[in-house]
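S.K.: Here you go, run.pdb (PDB, C-alpha atoms):
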```pdb
MODEL        1
ATOM      1  CA  MET A   1      52.806 110.621  -1.736
ATOM      2  CA  LYS A   2      52.744 109.563  -5.371
ATOM      3  CA  VAL A   3      49.324 108.727  -6.867
ATOM      4  CA  ILE A   4      49.261 106.508  -9.955
ATOM      5  CA  ARG A   5      46.091 106.133 -11.976
ATOM      6  CA  ALA A   6      45.218 102.896 -13.737
ATOM      7  CA  LYS A   7      45.843 102.957 -17.487
ATOM      8  CA  THR A   8      42.172 102.160 -18.129
ATOM      9  CA  MET A   9      39.508 103.345 -15.717
ATOM     10  CA  GLY A  10      36.173 105.087 -15.432
ATOM     11  CA  MET A  11      32.715 104.300 -16.752
ATOM     12  CA  CYS A  12      32.416 102.147 -19.854
ATOM     13  CA  PHE A  13      30.611 103.209 -23.030
ATOM     14  CA  GLY A  14      27.446 101.315 -22.047
ATOM     15  CA  VAL A  15      27.126 103.307 -18.838
ATOM     16  CA  GLN A  16      28.004 106.570 -20.582
ATOM     17  CA  ASP A  17      25.273 105.940 -23.164
ATOM     18  CA  ALA A  18      22.736 105.249 -20.403
ATOM     19  CA  LEU A  19      23.662 108.488 -18.635
ATOM     20  CA  THR A  20      23.429 110.483 -21.862
ATOM     21  CA  LEU A  21      19.918 109.197 -22.547
ATOM     22  CA  MET A  22      18.805 109.821 -18.957
ATOM     23  CA  ARG A  23      20.091 113.409 -18.998
ATOM     24  CA  LYS A  24      18.252 114.213 -22.232
ATOM     25  CA  LEU A  25      14.818 113.036 -21.074
ATOM     26  CA  PRO A  26      12.279 115.867 -20.766
ATOM     27  CA  ASN A  27      10.036 116.274 -17.716
ATOM     28  CA  PRO A  28      12.227 114.230 -15.347
ATOM     29  CA  GLN A  29       9.543 114.367 -12.647
ATOM     30  CA  GLU A  30       7.458 112.074 -14.871
ATOM     31  CA  VAL A  31      10.249 109.512 -15.310
ATOM     32  CA  THR A  32      10.611 106.296 -13.303
ATOM     33  CA  VAL A  33      14.009 104.592 -13.360
ATOM     34  CA  TYR A  34      13.470 100.863 -12.910
ATOM     35  CA  GLY A  35      16.341  99.950 -10.612
ATOM     36  CA  GLU A  36      19.765 101.549 -10.203
ATOM     37  CA  LEU A  37      20.703 103.009 -13.581
ATOM     38  CA  VAL A  38      24.279 102.135 -12.679
ATOM     39  CA  HIS A  39      25.719 101.001  -9.356
ATOM     40  CA  ASN A  40      27.287 104.342  -8.545
ATOM     41  CA  PRO A  41      26.173 106.500  -5.576
ATOM     42  CA  GLU A  42      26.945 109.820  -7.289
ATOM     43  CA  VAL A  43      24.845 108.897 -10.312
ATOM     44  CA  LEU A  44      21.970 107.804  -8.086
ATOM     45  CA  GLU A  45      22.145 111.150  -6.280
ATOM     46  CA  GLU A  46      22.044 112.960  -9.617
ATOM     47  CA  ILE A  47      18.922 111.016 -10.597
ATOM     48  CA  ALA A  48      17.248 112.001  -7.338
ATOM     49  CA  GLN A  49      18.213 115.666  -7.785
ATOM     50  CA  ARG A  50      16.689 115.666 -11.253
ATOM     51  CA  GLY A  51      13.384 114.709  -9.688
ATOM     52  CA  MET A  52      13.166 111.243 -11.190
ATOM     53  CA  THR A  53      11.601 108.385  -9.258
ATOM     54  CA  MET A  54      13.781 105.326  -8.783
ATOM     55  CA  VAL A  55      12.255 102.004  -7.767
ATOM     56  CA  SER A  56      13.892  98.676  -7.006
ATOM     57  CA  GLU A  57      13.496  95.933  -9.602
ATOM     58  CA  THR A  58      11.740  93.943  -6.872
ATOM     59  CA  GLN A  59       9.053  96.617  -6.454
ATOM     60  CA  ARG A  60       5.962  97.059  -8.579
ATOM     61  CA  VAL A  61       6.374  99.848 -11.108
ATOM     62  CA  PRO A  62       3.867 102.686 -10.565
ATOM     63  CA  PRO A  63       0.934 102.004 -12.919
ATOM     64  CA  PHE A  64       0.731 105.505 -14.364
ATOM     65  CA  SER A  65       4.370 106.318 -15.175
ATOM     66  CA  LYS A  66       4.717 108.572 -18.190
ATOM     67  CA  ALA A  67       8.118 107.072 -18.920
ATOM     68  CA  ILE A  68      10.123 104.146 -17.555
ATOM     69  CA  VAL A  69      13.878 103.788 -17.971
ATOM     70  CA  VAL A  70      15.340 100.277 -18.164
ATOM     71  CA  THR A  71      18.843 100.320 -16.700
ATOM     72  CA  ALA A  72      22.132  99.463 -18.398
ATOM     73  CA  HIS A  73      21.995  96.018 -16.763
ATOM     74  CA  GLY A  74      18.942  95.091 -18.813
ATOM     75  CA  VAL A  75      15.782  93.105 -18.087
ATOM     76  CA  SER A  76      14.186  90.082 -19.692
ATOM     77  CA  GLU A  77      11.916  90.497 -22.699
ATOM     78  CA  THR A  78       9.103  89.195 -20.531
ATOM     79  CA  GLU A  79       9.638  91.914 -17.956
ATOM     80  CA  LYS A  80      10.113  94.577 -20.624
ATOM     81  CA  HIS A  81       6.694  93.691 -22.017
ATOM     82  CA  GLN A  82       5.195  94.049 -18.534
ATOM     83  CA  LEU A  83       6.836  97.452 -18.117
ATOM     84  CA  ALA A  84       5.354  98.574 -21.422
ATOM     85  CA  GLN A  85       1.899  98.012 -19.954
ATOM     86  CA  ASN A  86       2.652 100.522 -17.178
ATOM     87  CA  ALA A  87       4.047 103.456 -19.137
ATOM     88  CA  GLU A  88       3.457 105.560 -22.200
ATOM     89  CA  GLN A  89       7.134 105.178 -23.099
ATOM     90  CA  VAL A  90       9.881 102.699 -22.188
ATOM     91  CA  HIS A  91      13.445 103.955 -22.663
ATOM     92  CA  ASP A  92      15.814 100.983 -22.843
ATOM     93  CA  THR A  93      19.414 101.827 -21.869
ATOM     94  CA  THR A  94      20.560  98.191 -21.796
ATOM     95  CA  CYS A  95      24.256  97.966 -22.673
ATOM     96  CA  PRO A  96      24.782  96.502 -26.184
ATOM     97  CA  LEU A  97      27.149  93.919 -24.703
ATOM     98  CA  VAL A  98      24.460  92.790 -22.253
ATOM     99  CA  ARG A  99      22.074  92.476 -25.205
ATOM    100  CA  ARG A 100      24.675  90.312 -26.912
ATOM    101  CA  LEU A 101      24.795  88.100 -23.812
ATOM    102  CA  HIS A 102      21.014  87.640 -23.976
ATOM    103  CA  GLN A 103      21.197  86.800 -27.683
ATOM    104  CA  LYS A 104      23.958  84.231 -27.213
ATOM    105  CA  ALA A 105      22.121  82.524 -24.349
ATOM    106  CA  GLN A 106      18.892  82.415 -26.352
ATOM    107  CA  ALA A 107      20.710  80.960 -29.364
ATOM    108  CA  LEU A 108      22.174  78.202 -27.214
ATOM    109  CA  GLN A 109      18.773  77.476 -25.685
ATOM    110  CA  ASP A 110      17.162  77.358 -29.139
ATOM    111  CA  SER A 111      19.782  74.785 -30.151
ATOM    112  CA  GLY A 112      18.826  72.518 -27.265
ATOM    113  CA  TYR A 113      21.530  73.395 -24.764
ATOM    114  CA  PHE A 114      21.052  73.472 -21.002
ATOM    115  CA  ILE A 115      22.322  76.931 -20.040
ATOM    116  CA  ILE A 116      24.935  77.426 -17.332
ATOM    117  CA  VAL A 117      25.332  81.090 -16.399
ATOM    118  CA  ILE A 118      28.598  82.063 -14.725
ATOM    119  CA  GLY A 119      27.664  85.009 -12.530
ATOM    120  CA  LYS A 120      26.404  86.342  -9.251
ATOM    121  CA  PRO A 121      22.984  84.930  -8.277
ATOM    122  CA  GLY A 122      20.500  87.710  -7.607
ATOM    123  CA  HIS A 123      22.461  90.363  -9.513
ATOM    124  CA  VAL A 124      20.170  92.421 -11.732
ATOM    125  CA  GLU A 125      22.072  91.538 -14.917
ATOM    126  CA  VAL A 126      21.796  87.823 -14.168
ATOM    127  CA  LYS A 127      18.107  88.168 -13.262
ATOM    128  CA  GLY A 128      17.437  89.885 -16.559
ATOM    129  CA  LEU A 129      19.242  87.136 -18.454
ATOM    130  CA  ILE A 130      17.571  84.130 -16.855
ATOM    131  CA  GLY A 131      14.134  85.734 -17.057
ATOM    132  CA  ASP A 132      13.773  84.454 -20.636
ATOM    133  CA  LEU A 133      15.482  81.075 -20.123
ATOM    134  CA  GLN A 134      13.626  77.834 -19.533
ATOM    135  CA  THR A 135      16.321  75.425 -18.322
ATOM    136  CA  TYR A 136      19.369  76.916 -16.658
ATOM    137  CA  THR A 137      21.506  77.160 -13.561
ATOM    138  CA  VAL A 138      23.700  79.954 -12.182
ATOM    139  CA  VAL A 139      27.159  79.229 -10.795
ATOM    140  CA  GLU A 140      29.280  81.836  -9.046
ATOM    141  CA  LYS A 141      32.375  79.813  -8.157
ATOM    142  CA  PRO A 142      33.983  76.479  -9.106
ATOM    143  CA  ASP A 143      32.564  74.693  -6.055
ATOM    144  CA  ASP A 144      29.038  75.449  -7.335
ATOM    145  CA  VAL A 145      29.558  73.248 -10.403
ATOM    146  CA  GLN A 146      27.700  69.929 -10.427
ATOM    147  CA  SER A 147      27.200  66.940 -12.687
ATOM    148  CA  TYR A 148      24.259  67.850 -14.913
ATOM    149  CA  SER A 149      21.869  65.370 -16.497
ATOM    150  CA  HIS A 150      21.961  67.049 -19.906
ATOM    151  CA  PRO A 151      23.914  65.950 -23.004
ATOM    152  CA  LEU A 152      24.340  69.530 -24.237
ATOM    153  CA  LEU A 153      25.769  72.176 -21.907
ATOM    154  CA  GLY A 154      25.960  75.795 -23.056
ATOM    155  CA  VAL A 155      27.940  78.225 -20.895
ATOM    156  CA  VAL A 156      27.816  82.034 -20.866
ATOM    157  CA  SER A 157      29.163  84.593 -18.391
ATOM    158  CA  GLN A 158      27.853  87.696 -16.717
ATOM    159  CA  THR A 159      29.592  90.492 -18.616
ATOM    160  CA  THR A 160      31.625  91.628 -15.596
ATOM    161  CA  THR A 161      32.925  88.188 -14.579
ATOM    162  CA  GLN A 162      36.646  87.929 -13.922
ATOM    163  CA  PRO A 163      38.100  85.993 -16.895
ATOM    164  CA  SER A 164      40.270  83.744 -14.724
ATOM    165  CA  VAL A 165      37.204  82.752 -12.678
ATOM    166  CA  ALA A 166      35.218  81.955 -15.816
ATOM    167  CA  LYS A 167      38.093  79.849 -17.180
ATOM    168  CA  THR A 168      38.339  77.826 -13.979
ATOM    169  CA  ILE A 169      34.577  77.245 -13.845
ATOM    170  CA  VAL A 170      34.427  76.100 -17.479
ATOM    171  CA  GLN A 171      37.252  73.649 -16.785
ATOM    172  CA  ARG A 172      35.400  72.330 -13.732
ATOM    173  CA  ILE A 173      32.203  71.876 -15.760
ATOM    174  CA  GLY A 174      34.124  69.788 -18.279
ATOM    175  CA  GLU A 175      35.693  67.672 -15.537
ATOM    176  CA  LYS A 176      32.355  66.967 -13.851
ATOM    177  CA  ASN A 177      30.518  66.337 -17.110
ATOM    178  CA  PRO A 178      32.958  64.409 -19.344
ATOM    179  CA  ALA A 179      30.214  62.814 -21.445
ATOM    180  CA  ALA A 180      28.417  66.060 -22.231
ATOM    181  CA  HIS A 181      29.019  68.259 -25.262
ATOM    182  CA  LEU A 182      30.227  71.538 -23.761
ATOM    183  CA  LYS A 183      30.013  74.846 -25.622
ATOM    184  CA  TYR A 184      31.354  78.002 -23.968
ATOM    185  CA  VAL A 185      30.522  81.383 -25.457
ATOM    186  CA  ASP A 186      32.746  84.100 -23.988
ATOM    187  CA  THR A 187      30.419  86.999 -23.120
ATOM    188  CA  ILE A 188      32.732  88.904 -20.766
ATOM    189  CA  CYS A 189      32.854  92.460 -22.071
ATOM    190  CA  LYS A 190      36.018  94.101 -23.375
ATOM    191  CA  PRO A 191      35.831  97.148 -21.040
ATOM    192  CA  THR A 192      35.751  94.779 -18.059
ATOM    193  CA  ARG A 193      38.811  92.922 -19.324
ATOM    194  CA  GLU A 194      40.692  96.170 -19.955
ATOM    195  CA  ARG A 195      39.995  97.516 -16.466
ATOM    196  CA  GLN A 196      40.892  94.266 -14.755
ATOM    197  CA  GLN A 197      44.141  94.066 -16.716
ATOM    198  CA  ALA A 198      44.943  97.662 -15.783
ATOM    199  CA  VAL A 199      44.458  96.804 -12.098
ATOM    200  CA  ALA A 200      46.727  93.765 -12.402
ATOM    201  CA  GLU A 201      49.457  95.900 -13.961
ATOM    202  CA  LEU A 202      49.079  98.557 -11.285
ATOM    203  CA  LEU A 203      49.459  96.098  -8.396
ATOM    204  CA  ASN A 204      53.182  95.753  -9.001
ATOM    205  CA  GLN A 205      53.699  99.521  -8.874
ATOM    206  CA  VAL A 206      51.917 100.577  -5.684
ATOM    207  CA  GLU A 207      51.881  99.924  -1.940
ATOM    208  CA  ALA A 208      48.145 100.490  -1.532
ATOM    209  CA  MET A 209      45.205 100.633  -3.923
ATOM    210  CA  VAL A 210      41.955 102.590  -3.750
ATOM    211  CA  VAL A 211      38.985 101.447  -5.821
ATOM    212  CA  VAL A 212      36.474 104.226  -6.462
ATOM    213  CA  GLY A 213      32.946 103.077  -7.273
ATOM    214  CA  GLY A 214      29.759 101.539  -5.965
ATOM    215  CA  ALA A 215      30.316  98.856  -3.346
ATOM    216  CA  ASN A 216      27.422  96.808  -4.765
ATOM    217  CA  SER A 217      28.799  96.827  -8.294
ATOM    218  CA  ASN A 218      29.918  93.471  -9.686
ATOM    219  CA  ASN A 219      32.934  95.264 -11.117
TER
ENDMDL
END
```
Could you write out this structure as C-alpha cells?

M.R.:
Amino acid sequence: MKVIRAKTMGMCFGVQDALTLMRKLPNPQEVTVYGELVHNPEVLEEIAQRGMTMVSETQRVPPFSKAIVVTAHGVSETEKHQLAQNAEQVHDTTCPLVRRLHQKAQALQDSGYFIIVIGKPGHVEVKGLIGDLQTYTVVEKPDDVQSYSHPLLGVVSQTTTQPSVAKTIVQRIGEKNPAAHLKYVDTICKPTRERQQAVAELLNQVEAMVVVGGANSNN
C-alpha cells in the first residue's frame, strides 16, 4: 500500500500559538479552559492530563478561577468582559484571523450594513462573532438565503468556510436582493484555503482518503 500525504496539512499557526500559550501556563490545576481549545481529541486529552479544568461555552465559568483561557475560536467582547469578572487573569488565544473576522464584521455594522454571516449556526466561532452584532443572520447553505429588508448587506464568512460554498452563497444573496448594495469581505483564512486545495489535488492521486482530526471540527 502506498500512502500519500497532502502537500499542506496539520494544525495552523493560530492553533499552534494557542497550544504554546497553554503549555507555558504555570499551575495548570488553577486554569480553566473555556470550551475546547481546539477541536482535536488528543489535545483535549493533553489538557485533562495537565490537570486543567475544561468547561463548555454553554456552562457557567467557575466564579473563583485563577486563570481562564479563551480558545482559538474566540468569544465576543461582551463575553470576554464577563469572563474577566470571574478570574484573576484571562489568557486570550483567539486566532489573529478570527480577530480580523470580528473587526471586519464590526466595521460593516458601524457603516450601517445588515450583517450576513456565512457559517455553521451554533459553532463556537460563529457564536463569538455574532455576540457583538446587533442586526445579523447566519446562513450555512445557499437554500438558507432570503430576501432581506435592508438596503445595505454586508457579508463575512466563518474562517473555515469552503470558498466554493461562500462564492455560491454570495451569488444567491445578490440574486435574491437585486436592489440592495452588497459588500462581501472575504474572511476565509489562508491556512484553510491551502489545506482544502491540497485535498482537492490529492483526490486525483488516491483510491481512498483518510482525514485525521476532530469529527466536530468545521475543517

S.K.: Any chance you could work out the residue set of the PyMOL selection byres ((chain A and resi 99-104) around 9) here, as a PDB file with C-alpha atoms, keeping the file's coordinate frame?

M.R.:
```
ATOM      1  CA  GLY A  74      18.942  95.091 -18.813  1.00  0.00           C
ATOM      2  CA  SER A  76      14.186  90.082 -19.692  1.00  0.00           C
ATOM      3  CA  THR A  94      20.560  98.191 -21.796  1.00  0.00           C
ATOM      4  CA  CYS A  95      24.256  97.966 -22.673  1.00  0.00           C
ATOM      5  CA  PRO A  96      24.782  96.502 -26.184  1.00  0.00           C
ATOM      6  CA  LEU A  97      27.149  93.919 -24.703  1.00  0.00           C
ATOM      7  CA  VAL A  98      24.460  92.790 -22.253  1.00  0.00           C
ATOM      8  CA  ALA A 105      22.121  82.524 -24.349  1.00  0.00           C
ATOM      9  CA  GLN A 106      18.892  82.415 -26.352  1.00  0.00           C
ATOM     10  CA  ALA A 107      20.710  80.960 -29.364  1.00  0.00           C
ATOM     11  CA  LEU A 108      22.174  78.202 -27.214  1.00  0.00           C
ATOM     12  CA  GLN A 109      18.773  77.476 -25.685  1.00  0.00           C
ATOM     13  CA  GLY A 128      17.437  89.885 -16.559  1.00  0.00           C
ATOM     14  CA  LEU A 129      19.242  87.136 -18.454  1.00  0.00           C
ATOM     15  CA  ILE A 130      17.571  84.130 -16.855  1.00  0.00           C
ATOM     16  CA  ASP A 132      13.773  84.454 -20.636  1.00  0.00           C
ATOM     17  CA  VAL A 156      27.816  82.034 -20.866  1.00  0.00           C
ATOM     18  CA  SER A 157      29.163  84.593 -18.391  1.00  0.00           C
ATOM     19  CA  GLN A 158      27.853  87.696 -16.717  1.00  0.00           C
ATOM     20  CA  THR A 159      29.592  90.492 -18.616  1.00  0.00           C
ATOM     21  CA  VAL A 185      30.522  81.383 -25.457  1.00  0.00           C
ATOM     22  CA  ASP A 186      32.746  84.100 -23.988  1.00  0.00           C
ATOM     23  CA  THR A 187      30.419  86.999 -23.120  1.00  0.00           C
ATOM     24  CA  ILE A 188      32.732  88.904 -20.766  1.00  0.00           C
TER      25      ILE A 188
END
```

S.K.: Might you spell out which residues the PyMOL selection byres ((chain A and resi 13-22) around 12) would select in the displayed file, as a PyMOL selection string?

M.R.: chain A and resi 9-12+23-28+31-33+36-40+42-44+46-48+50-52+67-74+90-99+159+189-192

S.K.: Quick check, in Å to one decimal: how far apart do CA of Val138 in chain A and CA of Val165 in chain A lie?

M.R.: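 Between CA of Val138 in chain A and CA of Val165 in chain A the gap is 13.8 Å.
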
S.K.: Skipping near chain neighbours, those fewer than 6 positions away, what residues fall within 12 Å of Val170 in chain A using all atoms listed in the file, listed as a compact mmCIF listing (two decimals) with C-alpha atoms, in the frame of the given file?

M.R.:
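Below you can see result20.txt, which holds the result:
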```
# COMPACT_ATOMS: atom_id res chain seq x y z
CA ILE A 116 24.94 77.43 -17.33
CA VAL A 117 25.33 81.09 -16.40
CA ILE A 118 28.60 82.06 -14.72
CA VAL A 139 27.16 79.23 -10.80
CA GLU A 140 29.28 81.84 -9.05
CA LYS A 141 32.38 79.81 -8.16
CA PRO A 142 33.98 76.48 -9.11
CA ASP A 143 32.56 74.69 -6.06
CA ASP A 144 29.04 75.45 -7.34
CA VAL A 145 29.56 73.25 -10.40
CA GLN A 146 27.70 69.93 -10.43
CA LEU A 153 25.77 72.18 -21.91
CA GLY A 154 25.96 75.80 -23.06
CA VAL A 155 27.94 78.22 -20.90
CA VAL A 156 27.82 82.03 -20.87
CA SER A 157 29.16 84.59 -18.39
CA PRO A 163 38.10 85.99 -16.90
CA SER A 164 40.27 83.74 -14.72
CA LYS A 176 32.35 66.97 -13.85
CA ASN A 177 30.52 66.34 -17.11
CA PRO A 178 32.96 64.41 -19.34
CA LEU A 182 30.23 71.54 -23.76
CA LYS A 183 30.01 74.85 -25.62
CA TYR A 184 31.35 78.00 -23.97
CA VAL A 185 30.52 81.38 -25.46
CA ASP A 186 32.75 84.10 -23.99
```

S.K.: Just the residues within 12 Å of Met1 in chain A, please, counting only C-alpha atoms, with nothing from its chain fewer than 4 positions along; format it as a ChimeraX atom specification.

M.R.: /A:206-208

S.K.: Grab the CA of Ile115 in chain A to CA of Glu77 in chain A distance for me, in Å with one decimal place.

M.R.: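 These two atoms are separated by 17.3 Å.
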
S.K.: From the set A:Gly112, A:Thr168, A:Pro41, A:Gly174, which residue has the shortest atom-to-atom contact distance to Ser147 in chain A, counting all atoms listed in the file?

M.R.: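 Once distances to Ser147 in chain A are computed over all atoms listed in the file, the minimum belongs to A:Gly174.
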
S.K.: What separation in Å, quoted to one decimal, exists between CA of Thr137 in chain A and CA of Glu79 in chain A?

M.R.: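 Going from CA of Thr137 in chain A over to CA of Glu79 in chain A covers 19.4 Å.
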
S.K.: Contacts of Ile4 in chain A at 10 Å or less, counting all atoms listed in the file, minus same-chain residues fewer than 4 places along, as a PyMOL selection string?

M.R.: chain A and resi 202+205-206+209

S.K.: Would you please work out which residue, of A:Gln29, A:Asn218, A:Gln162, A:Asn204, is nearest to Thr53 in chain A when using all atoms listed in the file?

M.R.: A:Gln29

S.K.: I need the residue nearest Val199 in chain A from this list: A:Val3, A:Leu83, A:Thr8, A:Gln89. Use only C-alpha atoms for the distance.

M.R.: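 Closest candidate: A:Thr8.
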
S.K.: My list of candidates is A:Glu194, A:Asp110, A:Glu57, A:Glu201. Which is closest to Glu125 in chain A when distances are computed with all atoms listed in the file?

M.R.: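 For Glu125 in chain A, the nearest of the given residues is A:Glu57.
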
S.K.: Using all atoms listed in the file, which of A:Lys80, A:His181, A:Val210, A:Glu30 sits nearest Ser65 in chain A?

M.R.: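 Between A:Lys80, A:His181, A:Val210, A:Glu30, the residue approaching Ser65 in chain A most closely is A:Glu30.
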
S.K.: Find, counting all atoms listed in the file, the residue in A:Val75, A:Ala6, A:Val212, A:Ala84 that gets nearest to His123 in chain A.

M.R.: A:Val75

S.K.: Please enumerate the residues selected by the PyMOL selection byres ((chain A and resi 151) around 6) when evaluated against the supplied file, formatted as a list of chain:residue names.

M.R.: A:His150, A:Leu152, A:Ala180
